[in-house]
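Working notes, beginning with the structure itself.
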Amino acid sequence: MGEAASLPAGLRNAPDPELLLDMFGKMVLVRRMEERLGELHKQGRTRGPIHRCDGQEAVGIGGTAPLRATDTVTSTHRGHAHYVGKGLDPHRIVAEIFGRATGYSRGKAGHMLIADVEQGMVGGNAIVGAGIPLALGQALAHQLHGCGEVAVTFFGDGAAQAGICHEAMNMAGLWKLPIVFICEHNEYGLTAHARYQSAVEDLVVRAAGYNMPGVKIDGNDVLQVYDTVSEAVERARAGEGPTFIEAKTYRLVGFSTSDMGGYQPQDEIDAWRPRDPILRTRKLLLDLTGEARVRQAEEEAVAACDSAFEQALSDPLPDAAEADVPEFVETH
Amino acid sequence: MARMRYAEALREALRSEMLRDQSVVLYGEDIGIYGGVFKVTRDLQAEFGDLRVRDTPISEQAMTYMCVGAAMSGLKPVLEIMYADFLPLTLDALINQASVLPYLWPVQVPMVIRTQGGGGSGAGAQHSKSLDALVAHIPGIKVVSPVTPADAKGLLTAAIRDPNPVVFLEHKLLYNSAGEVPDGDHVVEIGKARMVREGSDVTLIANSKMVLEAEKAAEALAGRGISAEVIDLRSLRPLDTETIIASVKKTTRAVVVNEGWRFGGFGAEVAATISEQAFEYLDAPVCRIGTFDTPIPYSQPLETAVLPDAEKIVAGVLAMDGRTG
Ligand SMILES: Cc1ncc(C[n+]2csc(CCOP(=O)(O)OP(=O)(O)O)c2C)c(N)n1
């Protein structure tokens, strides 16, 4: 650990083209999903803001690809890549975002709180930082069950400043819990740049304070994300405790669809555009698999996404009578 | 008088208090360059500098504790908590410090927490709550919730000048509403309710956006020959018991409307106060209207079903008389 960032790409194990194609297809699907959400927002057809992760797909997809269904993941308000990566059904994701009865929570949860317990996605969260201590609890359960399951928590550089992040990391280090902390450092909290939020530029230095390995990686390189998270997950499965991964990335669009912009300098966005993880993966795949397979993967992803929208948008809204649930849940 | 939006009225109060008093400082997430997600602090950092208008990390608990400490040391911090749903993160500082220390020590904690709550925009279960009752429960903390732009300015000015900690509750669906706002120094005393509309058959007691719903309900009731008086509490703590009781003695019926959950909610406090002080005047038990006791669902038909509105107020009034819609 700790070396991944400095290894030139050529020294890594040769990437498995099938795995890479799969991750590529998922990234394309997420991008398409968010583009369509953006368009529908403009037409006034969504409720509330949509948080897109354009440019950050590699962290969510590469970070979930090494996981089993029994491993648990907590996400954030910006969760589409985590959901798709963890194997959730795009139709039910989109249906939830449009408040439909077919959505993962029958329209009760909405765009920030999507979960699928069976797939180990538990889940998005609209309280910044909240997923981190929830994952800590999941890791406690995994440790006690002793089946080698791992908890992974994704969070932003903004969330890394919340008190609960520090408290959770300390406890994870103290108790050698099977948890992987993946910080998606996209340079901004909501609109405030990280320089106004953190006393250190590289959050990875904090890992030492919690007695866990810390790795800084290029979050726009899906293979590097995959390799690093795989290694951390193996460590956790083997009972060797937590890892903190700081994935440097950048969100190419605003904080949300209701963002009025103006705080991300254009030259900064322009500098990150060529580093778009989808473009980079595509280039790699052209050499590995040839153009036909790349195109096929793209077309399949787009078609899967579009049919998810078509279906979700024609699904019914829930019945108002369902709102008045019993005060306490008996069984699920 | 000038016509302005609620958000602008708040901004005007912040700006004039900052001009008037060097010790007034603003803290909060994204309040600087961006001017706050609801634009209340727009341009204030450019005018007053980044020491007096300061972006904070996402650290609500530390921020609130920090404001308590700063207030004890001579500053008058105004802290913006982006959504009322995050108030629970501030509660330890309020319950165990801000409200306790001035009682025990010769210190004052002149700070304001501005936040916004309320449903109706599809913001989901963690961005739509009204936690009025939670903060109003704490002795030593004032709780204010303006509905008009004029009150937004007048009450925020009063809150900043107040030597006590004040939680200032705004509503996300009010920021764009416009109204006449007095020019210059405009202070509305905290603890005085506002008579919105006089009536003789029933008193509708409401706060924040629910005042608008109560007004609509009063209009609808008038069409049915029922004369409703509407009172805007403006301040939940201190509570203007005098105005409430005088009205109920006149109308003999009361409906309390608050957007928080009904169970253990603010309506219960008002209803209990009325039964303690005006029981013999009542012709019906006090009716409470609030949000269903569930998290606030996202999907439109579900969200509409759980939130209180004019229609539910009208139904509540009719049910008091044994009548139905
Ligand atoms: C406790 C809490 N405070 C504030 C917010 C408002 N808010 C939502 S997202 C966000 C910024 C989060 O930044 P980061 O963790 O870096 O994630 P990113 O949006 O960059 O993906 C803020 C301040 C919130 N939802 N919860």
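Every chain in the structure tokens takes a letter, A first, then B, and so on in the order presented; its residues are numbered from 1, and the ligands are numbered from 1 following the presented order.
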
Inset, instruction - Output the contact residues of chain A with respect to chain B at a cut-off of 9 Å, based on only C-alpha atoms, as a PyMOL selection string. - result: chain A and resi 47-49+96-101+106-113+125-129+158-163+189-192+194+196-198+259-263+317-327

Inset, instruction - Go through range 27-171 of chain A and collect every residue that DSSP, computed from the backbone, puts in helix (DSSP H, G or I); the answer should be as a PyMOL selection string. - result: chain A and resi 27-42+57-64+80-85+90-97+117-119+131-145+159-161+163-171

Legend entry - Counting only C-alpha atoms and all ligand atoms, the residue of A:Ala130, A:Ala14, A:Leu19, A:Val28 that sits nearest ligand 1: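 Using only C-alpha atoms and all ligand atoms, the shortest distance to ligand 1 belongs to A:Ala130.
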
Legend entry - Distance criterion (only C-alpha atoms): nearest to Leu94 in chain B out of B:Ala46, B:Leu236, B:Val167, B:Ile244: B:Val167

Inset, instruction - May I have the residues within 8 Å of range 205-214 of chain B as a ChimeraX atom specification, using only C-alpha atoms and disregarding those fewer than 2 positions away in the same chain? - result: /B:145-147,170-171,173-174,203,216-218,230-235,244,254-259,308-310,313

Inset, instruction - May I ask for the distance between CA of Lys86 in chain A and CA of Gln119 in chain A, given in Å to one decimal place? - result: 6.7 Å

Legend entry - Best match for closeness to Ala304 in chain A among A:Pro90, A:Pro15, A:Pro213, A:Gly79, counting only C-alpha atoms: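 Closest candidate: A:Pro90.
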
Would you give me, as a PDB file with all heavy atoms, in the first residue's frame, the residues in range 31-160 of chain B that DSSP reads as strand (DSSP E)?
ATOM      1  N   VAL B  53     -17.465  37.747   7.195  1.00  0.00           N
ATOM      2  CA  VAL B  53     -18.410  36.861   6.499  1.00  0.00           C
ATOM      3  C   VAL B  53     -17.603  35.642   6.081  1.00  0.00           C
ATOM      4  O   VAL B  53     -16.853  35.689   5.115  1.00  0.00           O
ATOM      5  CB  VAL B  53     -19.041  37.543   5.275  1.00  0.00           C
ATOM      6  CG1 VAL B  53     -20.035  36.597   4.599  1.00  0.00           C
ATOM      7  CG2 VAL B  53     -19.739  38.832   5.675  1.00  0.00           C
ATOM      8  N   ARG B  54     -17.730  34.579   6.822  1.00  0.00           N
ATOM      9  CA  ARG B  54     -16.763  33.502   6.699  1.00  0.00           C
ATOM     10  C   ARG B  54     -17.408  32.183   6.321  1.00  0.00           C
ATOM     11  O   ARG B  54     -18.309  31.716   7.001  1.00  0.00           O
ATOM     12  CB  ARG B  54     -16.070  33.370   8.056  1.00  0.00           C
ATOM     13  CG  ARG B  54     -14.779  32.681   7.998  1.00  0.00           C
ATOM     14  CD  ARG B  54     -13.936  33.113   9.199  1.00  0.00           C
ATOM     15  NE  ARG B  54     -12.568  32.761   8.898  1.00  0.00           N
ATOM     16  CZ  ARG B  54     -11.518  33.144   9.602  1.00  0.00           C
ATOM     17  NH1 ARG B  54     -11.674  33.914  10.643  1.00  0.00           N
ATOM     18  NH2 ARG B  54     -10.325  32.758   9.261  1.00  0.00           N
ATOM     19  N   ASP B  55     -16.890  31.589   5.243  1.00  0.00           N
ATOM     20  CA  ASP B  55     -17.309  30.228   4.883  1.00  0.00           C
ATOM     21  C   ASP B  55     -16.716  29.253   5.884  1.00  0.00           C
ATOM     22  O   ASP B  55     -15.542  29.364   6.239  1.00  0.00           O
ATOM     23  CB  ASP B  55     -16.761  29.862   3.500  1.00  0.00           C
ATOM     24  CG  ASP B  55     -17.601  30.445   2.375  1.00  0.00           C
ATOM     25  OD1 ASP B  55     -18.833  30.482   2.517  1.00  0.00           O
ATOM     26  OD2 ASP B  55     -17.021  30.854   1.363  1.00  0.00           O
ATOM     27  N   LYS B  76     -20.948  38.956  18.004  1.00  0.00           N
ATOM     28  CA  LYS B  76     -22.366  38.642  17.840  1.00  0.00           C
ATOM     29  C   LYS B  76     -22.511  37.800  16.576  1.00  0.00           C
ATOM     30  O   LYS B  76     -22.817  38.329  15.501  1.00  0.00           O
ATOM     31  CB  LYS B  76     -23.199  39.923  17.737  1.00  0.00           C
ATOM     32  CG  LYS B  76     -23.248  40.657  19.072  1.00  0.00           C
ATOM     33  CD  LYS B  76     -24.211  41.809  19.042  1.00  0.00           C
ATOM     34  CE  LYS B  76     -24.175  42.530  20.383  1.00  0.00           C
ATOM     35  NZ  LYS B  76     -24.280  43.986  20.221  1.00  0.00           N
ATOM     36  N   PRO B  77     -22.264  36.516  16.700  1.00  0.00           N
ATOM     37  CA  PRO B  77     -22.266  35.678  15.510  1.00  0.00           C
ATOM     38  C   PRO B  77     -23.675  35.369  15.030  1.00  0.00           C
ATOM     39  O   PRO B  77     -24.582  35.137  15.821  1.00  0.00           O
ATOM     40  CB  PRO B  77     -21.588  34.379  15.980  1.00  0.00           C
ATOM     41  CG  PRO B  77     -21.227  34.568  17.408  1.00  0.00           C
ATOM     42  CD  PRO B  77     -21.923  35.769  17.923  1.00  0.00           C
ATOM     43  N   VAL B  78     -23.823  35.395  13.708  1.00  0.00           N
ATOM     44  CA  VAL B  78     -25.052  34.924  13.074  1.00  0.00           C
ATOM     45  C   VAL B  78     -24.638  33.719  12.237  1.00  0.00           C
ATOM     46  O   VAL B  78     -23.873  33.851  11.282  1.00  0.00           O
ATOM     47  CB  VAL B  78     -25.689  36.003  12.181  1.00  0.00           C
ATOM     48  CG1 VAL B  78     -26.989  35.481  11.573  1.00  0.00           C
ATOM     49  CG2 VAL B  78     -25.941  37.276  12.976  1.00  0.00           C
ATOM     50  N   LEU B  79     -25.102  32.569  12.630  1.00  0.00           N
ATOM     51  CA  LEU B  79     -24.688  31.315  11.996  1.00  0.00           C
ATOM     52  C   LEU B  79     -25.791  30.839  11.072  1.00  0.00           C
ATOM     53  O   LEU B  79     -26.947  30.734  11.484  1.00  0.00           O
ATOM     54  CB  LEU B  79     -24.423  30.272  13.093  1.00  0.00           C
ATOM     55  CG  LEU B  79     -24.134  28.845  12.651  1.00  0.00           C
ATOM     56  CD1 LEU B  79     -22.850  28.763  11.851  1.00  0.00           C
ATOM     57  CD2 LEU B  79     -24.036  27.925  13.877  1.00  0.00           C
ATOM     58  N   GLU B  80     -25.440  30.538   9.842  1.00  0.00           N
ATOM     59  CA  GLU B  80     -26.439  29.975   8.935  1.00  0.00           C
ATOM     60  C   GLU B  80     -26.295  28.455   8.922  1.00  0.00           C
ATOM     61  O   GLU B  80     -25.241  27.924   8.576  1.00  0.00           O
ATOM     62  CB  GLU B  80     -26.261  30.533   7.504  1.00  0.00           C
ATOM     63  CG  GLU B  80     -27.256  29.937   6.512  1.00  0.00           C
ATOM     64  CD  GLU B  80     -27.261  30.609   5.134  1.00  0.00           C
ATOM     65  OE1 GLU B  80     -27.447  31.837   5.062  1.00  0.00           O
ATOM     66  OE2 GLU B  80     -27.070  29.901   4.138  1.00  0.00           O
ATOM     67  N   ILE B  81     -27.344  27.776   9.321  1.00  0.00           N
ATOM     68  CA  ILE B  81     -27.403  26.317   9.207  1.00  0.00           C
ATOM     69  C   ILE B  81     -28.301  26.063   7.999  1.00  0.00           C
ATOM     70  O   ILE B  81     -29.473  26.444   8.001  1.00  0.00           O
ATOM     71  CB  ILE B  81     -27.979  25.674  10.495  1.00  0.00           C
ATOM     72  CG1 ILE B  81     -27.025  25.901  11.674  1.00  0.00           C
ATOM     73  CG2 ILE B  81     -28.267  24.187  10.298  1.00  0.00           C
ATOM     74  CD1 ILE B  81     -25.696  25.172  11.597  1.00  0.00           C
ATOM     75  N   VAL B 112     -27.176  34.229  16.928  1.00  0.00           N
ATOM     76  CA  VAL B 112     -28.383  33.875  16.180  1.00  0.00           C
ATOM     77  C   VAL B 112     -28.053  32.687  15.288  1.00  0.00           C
ATOM     78  O   VAL B 112     -27.017  32.682  14.613  1.00  0.00           O
ATOM     79  CB  VAL B 112     -28.851  35.051  15.283  1.00  0.00           C
ATOM     80  CG1 VAL B 112     -30.111  34.664  14.504  1.00  0.00           C
ATOM     81  CG2 VAL B 112     -29.108  36.301  16.115  1.00  0.00           C
ATOM     82  N   ILE B 113     -28.902  31.677  15.309  1.00  0.00           N
ATOM     83  CA  ILE B 113     -28.797  30.619  14.302  1.00  0.00           C
ATOM     84  C   ILE B 113     -29.927  30.838  13.318  1.00  0.00           C
ATOM     85  O   ILE B 113     -31.096  30.754  13.677  1.00  0.00           O
ATOM     86  CB  ILE B 113     -28.928  29.224  14.931  1.00  0.00           C
ATOM     87  CG1 ILE B 113     -27.755  28.942  15.859  1.00  0.00           C
ATOM     88  CG2 ILE B 113     -29.026  28.156  13.831  1.00  0.00           C
ATOM     89  CD1 ILE B 113     -27.746  27.538  16.441  1.00  0.00           C
ATOM     90  N   ARG B 114     -29.576  31.162  12.081  1.00  0.00           N
ATOM     91  CA  ARG B 114     -30.577  31.254  11.022  1.00  0.00           C
ATOM     92  C   ARG B 114     -30.630  29.918  10.316  1.00  0.00           C
ATOM     93  O   ARG B 114     -29.606  29.361   9.938  1.00  0.00           O
ATOM     94  CB  ARG B 114     -30.184  32.296   9.968  1.00  0.00           C
ATOM     95  CG  ARG B 114     -30.288  33.750  10.372  1.00  0.00           C
ATOM     96  CD  ARG B 114     -29.912  34.641   9.171  1.00  0.00           C
ATOM     97  NE  ARG B 114     -30.513  34.127   7.963  1.00  0.00           N
ATOM     98  CZ  ARG B 114     -29.837  33.663   6.909  1.00  0.00           C
ATOM     99  NH1 ARG B 114     -28.536  33.702   6.865  1.00  0.00           N
ATOM    100  NH2 ARG B 114     -30.476  33.172   5.877  1.00  0.00           N
ATOM    101  N   THR B 115     -31.836  29.415  10.095  1.00  0.00           N
ATOM    102  CA  THR B 115     -31.955  28.203   9.315  1.00  0.00           C
ATOM    103  C   THR B 115     -33.288  28.233   8.598  1.00  0.00           C
ATOM    104  O   THR B 115     -34.102  29.124   8.838  1.00  0.00           O
ATOM    105  CB  THR B 115     -31.790  26.949  10.204  1.00  0.00           C
ATOM    106  OG1 THR B 115     -31.686  25.787   9.363  1.00  0.00           O
ATOM    107  CG2 THR B 115     -32.959  26.764  11.149  1.00  0.00           C
ATOM    108  N   GLN B 116     -33.491  27.292   7.674  1.00  0.00           N
ATOM    109  CA  GLN B 116     -34.778  27.263   6.982  1.00  0.00           C
ATOM    110  C   GLN B 116     -35.314  25.844   6.992  1.00  0.00           C
ATOM    111  O   GLN B 116     -34.561  24.882   6.907  1.00  0.00           O
ATOM    112  CB  GLN B 116     -34.677  27.827   5.574  1.00  0.00           C
ATOM    113  CG  GLN B 116     -33.697  27.123   4.638  1.00  0.00           C
ATOM    114  CD  GLN B 116     -34.194  25.807   4.118  1.00  0.00           C
ATOM    115  OE1 GLN B 116     -35.377  25.641   3.865  1.00  0.00           O
ATOM    116  NE2 GLN B 116     -33.290  24.853   3.948  1.00  0.00           N
ATOM    117  N   GLY B 117     -36.614  25.731   7.134  1.00  0.00           N
ATOM    118  CA  GLY B 117     -37.215  24.401   7.153  1.00  0.00           C
ATOM    119  C   GLY B 117     -38.418  24.346   6.255  1.00  0.00           C
ATOM    120  O   GLY B 117     -38.646  25.218   5.417  1.00  0.00           O
ATOM    121  N   LYS B 142     -34.458  31.844  22.464  1.00  0.00           N
ATOM    122  CA  LYS B 142     -35.637  32.409  21.810  1.00  0.00           C
ATOM    123  C   LYS B 142     -35.808  31.758  20.441  1.00  0.00           C
ATOM    124  O   LYS B 142     -34.817  31.415  19.787  1.00  0.00           O
ATOM    125  CB  LYS B 142     -35.499  33.924  21.665  1.00  0.00           C
ATOM    126  CG  LYS B 142     -35.484  34.636  23.010  1.00  0.00           C
ATOM    127  CD  LYS B 142     -35.552  36.146  22.877  1.00  0.00           C
ATOM    128  CE  LYS B 142     -35.582  36.782  24.266  1.00  0.00           C
ATOM    129  NZ  LYS B 142     -35.650  38.262  24.195  1.00  0.00           N
ATOM    130  N   VAL B 143     -37.052  31.588  20.017  1.00  0.00           N
ATOM    131  CA  VAL B 143     -37.329  30.961  18.727  1.00  0.00           C
ATOM    132  C   VAL B 143     -38.320  31.819  17.948  1.00  0.00           C
ATOM    133  O   VAL B 143     -39.422  32.089  18.432  1.00  0.00           O
ATOM    134  CB  VAL B 143     -37.896  29.534  18.906  1.00  0.00           C
ATOM    135  CG1 VAL B 143     -38.159  28.891  17.545  1.00  0.00           C
ATOM    136  CG2 VAL B 143     -36.931  28.674  19.721  1.00  0.00           C
ATOM    137  N   VAL B 144     -37.889  32.233  16.767  1.00  0.00           N
ATOM    138  CA  VAL B 144     -38.656  33.191  15.982  1.00  0.00           C
ATOM    139  C   VAL B 144     -38.909  32.617  14.596  1.00  0.00           C
ATOM    140  O   VAL B 144     -38.048  31.929  14.050  1.00  0.00           O
ATOM    141  CB  VAL B 144     -37.831  34.500  15.845  1.00  0.00           C
ATOM    142  CG1 VAL B 144     -38.648  35.581  15.204  1.00  0.00           C
ATOM    143  CG2 VAL B 144     -37.310  34.958  17.192  1.00  0.00           C
TER     144      VAL B 144
END

Residues at most 10 Å from Lys250 in chain B, counting only C-alpha atoms, excluding those fewer than 4 positions away in the same chain, as a PDB file with C-alpha atoms, in the first residue's frame?
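For reference, result_6.pdb as written:
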ATOM      1  CA  GLY B 199     -62.967  37.073  13.378  1.00  0.00           C
ATOM      2  CA  SER B 200     -65.543  35.917  15.868  1.00  0.00           C
ATOM      3  CA  ASP B 201     -66.188  32.158  15.525  1.00  0.00           C
ATOM      4  CA  VAL B 202     -62.808  30.444  15.693  1.00  0.00           C
ATOM      5  CA  THR B 203     -59.153  31.412  16.226  1.00  0.00           C
ATOM      6  CA  GLU B 229     -59.575  35.092  13.393  1.00  0.00           C
ATOM      7  CA  ILE B 245     -56.014  33.802  25.296  1.00  0.00           C
ATOM      8  CA  ALA B 246     -57.796  37.082  24.566  1.00  0.00           C
ATOM      9  CA  TYR B 281     -64.487  29.697  27.536  1.00  0.00           C
ATOM     10  CA  LEU B 282     -64.020  26.808  25.116  1.00  0.00           C
TER      11      LEU B 282
END

Inset, instruction - Take CA of Gln264 in chain A and CA of Ile114 in chain A and report the distance between them in Å, one decimal. - result: 28.2 Å

Legend entry - Best match for closeness to ligand 1 among B:Met18, B:Val107, B:Gly154, B:Ala84, counting only C-alpha atoms and all ligand atoms: B:Ala84

Legend entry - From A:Met121, A:Ala247, A:Val59, A:Leu20, residue lying nearest Val204 in chain A [only C-alpha atoms]: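 Result for the nearest residue to Val204 in chain A: A:Ala247.
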
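Considering only C-alpha atoms, the residue among A:Val294, A:Leu88, A:Cys53, A:Val94 positioned nearest to Ala308 in chain A is A:Val94.
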
Inset, instruction - Take CA of His80 in chain A and CA of Val30 in chain A and report the distance between them in Å, one decimal. - result: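 Between CA of His80 in chain A and CA of Val30 in chain A the gap works out to 6.4 Å.
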